[in-house]
Amino acid sequence: MEMTNNLITRRQALRTGVAGVSALTLAACGSSSPSSGSATGPVTLNMLTWNDHYDPTKQLPAIQKETGIKVNVTLGSDDAAMFIKAKQSGDFDIVSADALWVPYDYQQALIEPFDIESFPVASQLYSVSKEFPFWKASGGYLGYPRAWSALRMYYNPKFVSPAPTSYEVWLDPKYKGKVVMENQPTDLVAQAGLATGSKDPYNMNDAELSRAKDFLTQAKPAFLTFVSQNTGVVRALANESAWLTSDNLGIDIRVKSAGGPLIKSAVPKEGVVGWMDSEMKVKGSHANRFEQFINAWGEAEWVPPLFKQYREAWFNEKAYKMLVNQGQGEFADALLYNQPEEAAKAHLKGPSKNPNAYIQVFNQVFGA
Amino acid sequence: MSAVAPEAVPAVGGSSSHRRSPRELLLAVSQYLGFAPAMALFGLFFLAPMGLIVAYSFWTQDGYNVVSTWTLSNYQQIFSTPVYVSTFLTTLWMTAAATALTLAVALPFAYWLARYVSRRWQRPLLFLVILPFWVSYLLRVTSWTIILGSQGAISRLLSLVGLSTPSWLLYDRPAVIFVLIYLYFPFAALTLYASLERFDWSQLHAAMDLGATQSRAIRRIMLPQIKPGITTAVIFVFIPILGEYLTPELVGGTRGVMIGNLIDNFFQEAQYATGAAVALLIVVVVMVLLVIFRRSLEVGEMYGR
């Protein structure tokens, strides 16, 4: 039996006989199934995504006016939680995911491929973004590429000298309590894996995980706090309570914008982890409306406002030219926007064969 | 002796020899109809989630999926990993410390408010106590990261008087406890005030007239009478703090971690079965606490009967 068949469905939960479960099940049965609608008429598409993927004030109303597609957005947190939510609820038409999570979602029969070249708006994309081998399947492409980043090391040169060249900087007692990170346990354990020689940091075996744990245990004094959003990283670097981080491209610009000190970036010799995200078509949702939505949503004109707000490198080449014309070229180049081939050079975020072990490592190191 | 038919007794649980008519049954059931919405809400928002957590904690975690195969492995994993027990014990003492300090601040405030402040001013002052609730919880805690931060008001004040900022002011356990006191002070203050407001102050005067010092009179006369209020305040403060994860995440740093943060890590990576098992530890402690305090929560005693 496939693992997907073993997923806890509402029906199975009902069988447990737990009274509470039953009540919840009955309540949940009222939720809607994937939206339906004709090819051109008004329709509602349910989208599970992150907040940097859309503009609720101008973009979504404009899409509705143009195409008749109303988008109900549900915000997600992490790839794993979003996969489970989409799989169990069956309520979504479009779901977002990172890098190697996309083929995983396909293997788990959540999404289906589509012919990206048939989408007129896809001509605006960098061609490299339509050629990632792990996003290819027999029936087409698995996700519509949106944006990407790699987690580089950022440091305050006023306090951190010499410039870091390795994750081992976290072991330096000079920087005790001076590292701030986003609260992403799996990513941090993956980076510890890179630091200790793992070649596949999101799929480490027990021995590799053990080495990563030892490394993090030694590095623990360096970590000041784990923040829930990268605004927390920006704040800590801006007020100089932290001097080091490993975060998305562009943190240096954001710290500067927040009135903070000069922050420089470094690429650790062991390599970096990174992500690239996409919008995926949920299996069984309406093919024509998905394409219609992507053609409207993916238009270059919507990128600059989102770029200015979130500072991410999109895969939309036409939007890059617009940004340059709008005087945002310096920011875009700092994010490597015009070097999309760099996206695939990072160790890409993906599902682990043993996710529980990653959390166990993180909890054992950072528990009280 | 003439046979007399017994009177129909509409009480619930009558003898088996008495068969209720449909009308009587309807009457008996209708007595409880008013509770139906409460029962439905209780079932939907308490029993259902709790049942789900219990079930998940005994199901198998397989990668990112939870499989409906019964297992004890989640609990074995928790109890064989010392960090969960040590973090839980740390959480318990941090919660106990925060609760004790909250009550230590709230009790004198409520005492002062109930005894010395005129009725006219009591309401505006109580309004000030609940005023922070108008601001979101997240914003209130986040504001403390700024106040306690290296560029914050306290640091600046300390540097003005030539003192350096202690390293534990932010991103450490004292910061967590301090912010928790701030967050839960209104719950304790309002509960204690409600209890003290009903207290007959003439009893204190009588005790002191008979030679007791003020502190002895408070200890021997007032405190025993407001014990239910104190117990309620302890429960209102202790229980929610036990499950806190946002405050330690925002102001605790890596040194102020509580058990809620470890649970959050499991849920973040969709490890629901293991996360549910750890979460149930909190539930068990809460239930034990409620059993211990059960007598003090009796309604009659609460109202001084």
# chains A, B, ... in the order shown; residues from 1 in each chain; ligands from 1
call {"tool": "residues_around", "arguments": {"residues": "Ile177 of chain B", "least_positions_apart": "5", "cutoff": "10 Å", "atoms": "only C-alpha atoms", "output": "list of chain:residue names"}}
result
B:Met94, B:Thr95, B:Ala96, B:Ala97, B:Ala98, B:Thr99, B:Leu101, B:Thr102, B:Asp172, B:Tyr182, B:Leu183, B:Ile241, B:Thr247, B:Pro248, B:Val251, B:Gly252, B:Gly256
call {"tool": "select_by_dssp", "arguments": {"residues": "segment 90-205 of chain A", "states": "alpha helix (DSSP H)", "output": "list in words"}}
result
Trp101, Val102, Pro103, Tyr104, Asp105, Tyr106, Gln107, Pro185, Thr186, Asp187, Leu188, Val189, Ala190, Gln191, Ala192, Gly193, Leu194 and Ala195 of chain A
call {"tool": "closest_residue", "arguments": {"among": "B:Leu290, B:Ala217, B:Ala270, B:Leu33", "to": "chain A", "atoms": "only C-alpha atoms"}}
result
B:Ala270
call {"tool": "residues_around", "arguments": {"residues": "Leu250 of chain B", "least_positions_apart": "3", "cutoff": "7 Å", "atoms": "only C-alpha atoms", "output": "ChimeraX atom specification"}}
result
/A:227 /B:142,246-247,253
call {"tool": "atom_distance", "arguments": {"atom1": "atom CA of Phe134 of chain A", "atom2": "atom CA of Asp78 of chain A"}}
result
19.8 Å
call {"tool": "residues_around", "arguments": {"residues": "Gly229 of chain B", "least_positions_apart": "5", "cutoff": "8 Å", "atoms": "only C-alpha atoms", "output": "ChimeraX atom specification"}}
result
/B:191-192,194-195,302
call {"tool": "interface_residues", "arguments": {"of": "chain B", "to": "chain A", "cutoff": "8 Å", "atoms": "only C-alpha atoms", "output": "mmCIF file with C-alpha atoms, in the first residue's frame"}}
result
data_model
loop_
_atom_site.group_PDB
_atom_site.id
_atom_site.type_symbol
_atom_site.label_atom_id
_atom_site.label_comp_id
_atom_site.auth_asym_id
_atom_site.auth_seq_id
_atom_site.Cartn_x
_atom_site.Cartn_y
_atom_site.Cartn_z
ATOM 1 C CA GLY B 43 -17.903 19.356 21.958
ATOM 2 C CA LEU B 44 -16.748 21.252 18.907
ATOM 3 C CA PHE B 46 -12.867 21.299 23.332
ATOM 4 C CA LEU B 47 -13.685 17.618 22.992
ATOM 5 C CA ALA B 48 -13.047 17.392 19.263
ATOM 6 C CA PRO B 49 -9.587 18.991 19.246
ATOM 7 C CA MET B 50 -8.646 17.158 22.427
ATOM 8 C CA GLY B 51 -9.794 13.852 20.965
ATOM 9 C CA LEU B 52 -7.811 14.560 17.847
ATOM 10 C CA ALA B 55 -5.554 10.072 18.778
ATOM 11 C CA GLY B 63 7.702 10.859 7.155
ATOM 12 C CA TYR B 64 5.333 13.782 6.772
ATOM 13 C CA ASN B 65 2.256 11.613 7.090
ATOM 14 C CA VAL B 66 0.412 10.424 10.150
ATOM 15 C CA VAL B 67 -0.670 6.839 9.759
ATOM 16 C CA SER B 68 -3.589 5.441 11.744
ATOM 17 C CA THR B 81 15.136 11.856 25.145
ATOM 18 C CA VAL B 83 15.799 17.191 26.606
ATOM 19 C CA TYR B 84 12.001 16.912 26.643
ATOM 20 C CA SER B 86 14.448 18.787 31.206
ATOM 21 C CA THR B 87 12.687 21.392 29.060
ATOM 22 C CA THR B 90 12.317 24.155 33.158
ATOM 23 C CA GLY B 149 16.495 45.719 23.437
ATOM 24 C CA SER B 150 19.998 47.132 23.293
ATOM 25 C CA GLN B 151 18.662 50.425 21.918
ATOM 26 C CA TYR B 171 16.732 36.944 25.013
ATOM 27 C CA GLU B 249 10.177 32.831 20.992
ATOM 28 C CA LEU B 250 10.063 36.618 20.805
ATOM 29 C CA GLY B 252 13.478 34.388 25.231
ATOM 30 C CA GLY B 253 16.104 33.782 22.578
ATOM 31 C CA THR B 254 17.918 30.483 22.649
ATOM 32 C CA ARG B 255 18.231 30.621 26.458
ATOM 33 C CA GLY B 256 14.536 31.151 27.233
ATOM 34 C CA VAL B 257 13.072 28.144 25.457
ATOM 35 C CA MET B 258 9.916 26.548 26.892
ATOM 36 C CA ILE B 259 8.246 23.246 26.025
ATOM 37 C CA LEU B 262 9.704 22.382 21.021
ATOM 38 C CA ASN B 265 9.083 22.922 16.000
ATOM 39 C CA PHE B 266 7.376 19.538 15.527
ATOM 40 C CA PHE B 267 4.242 21.121 14.115
ATOM 41 C CA GLN B 268 6.245 23.410 11.840
ATOM 42 C CA GLU B 269 7.674 20.351 10.110
ATOM 43 C CA ALA B 270 4.321 18.509 10.085
ATOM 44 C CA GLN B 271 5.450 16.045 12.775
#
call {"tool": "residues_around", "arguments": {"residues": "Ala334 of chain A", "least_positions_apart": "4", "cutoff": "10 Å", "atoms": "only C-alpha atoms", "output": "VMD selection string"}}
result
chain A and resid 249 to 253 311 313 329 to 330 338
call {"tool": "closest_residue", "arguments": {"among": "B:Met208, B:Leu170, B:Pro240, B:Thr274", "to": "Ile146 of chain B", "atoms": "only C-alpha atoms"}}
result
B:Leu170
call {"tool": "residues_around", "arguments": {"residues": "Pro132 of chain B", "least_positions_apart": "2", "cutoff": "12 Å", "atoms": "only C-alpha atoms", "output": "PyMOL selection string"}}
result
chain B and resi 126-130+134-141+143+182-187
call {"tool": "residues_around", "arguments": {"residues": "segment 114-124 of chain B", "least_positions_apart": "6", "cutoff": "7 Å", "atoms": "only C-alpha atoms", "output": "list in words"}}
result
Tyr193, Leu196 and Glu197 of chain B
call {"tool": "write_last_selection", "arguments": {"atoms": "N, CA and C atoms", "output": "compact mmCIF listing (two decimals), in the first residue's frame"}}
result
# COMPACT_ATOMS: atom_id res chain seq x y z
N TYR B 193 -9.30 41.18 42.65
CA TYR B 193 -10.14 42.33 43.00
C TYR B 193 -11.58 41.87 43.24
N LEU B 196 -11.65 40.34 46.64
CA LEU B 196 -11.44 41.29 47.74
C LEU B 196 -12.60 42.27 47.89
N GLU B 197 -13.25 42.54 46.76
CA GLU B 197 -14.35 43.50 46.80
C GLU B 197 -15.47 43.01 47.73
call {"tool": "atom_distance", "arguments": {"atom1": "atom CA of Ser96 of chain A", "atom2": "atom CA of Asp277 of chain A"}}
result
6.8 Å
call {"tool": "atom_distance", "arguments": {"atom1": "atom CA of Tyr56 of chain B", "atom2": "atom CA of Val102 of chain A"}}
result
26.5 Å
call {"tool": "closest_residue", "arguments": {"among": "A:Leu125, A:Leu75, A:Leu45, A:Ile263", "to": "Glu299 of chain A", "atoms": "only C-alpha atoms"}}
result
A:Leu125
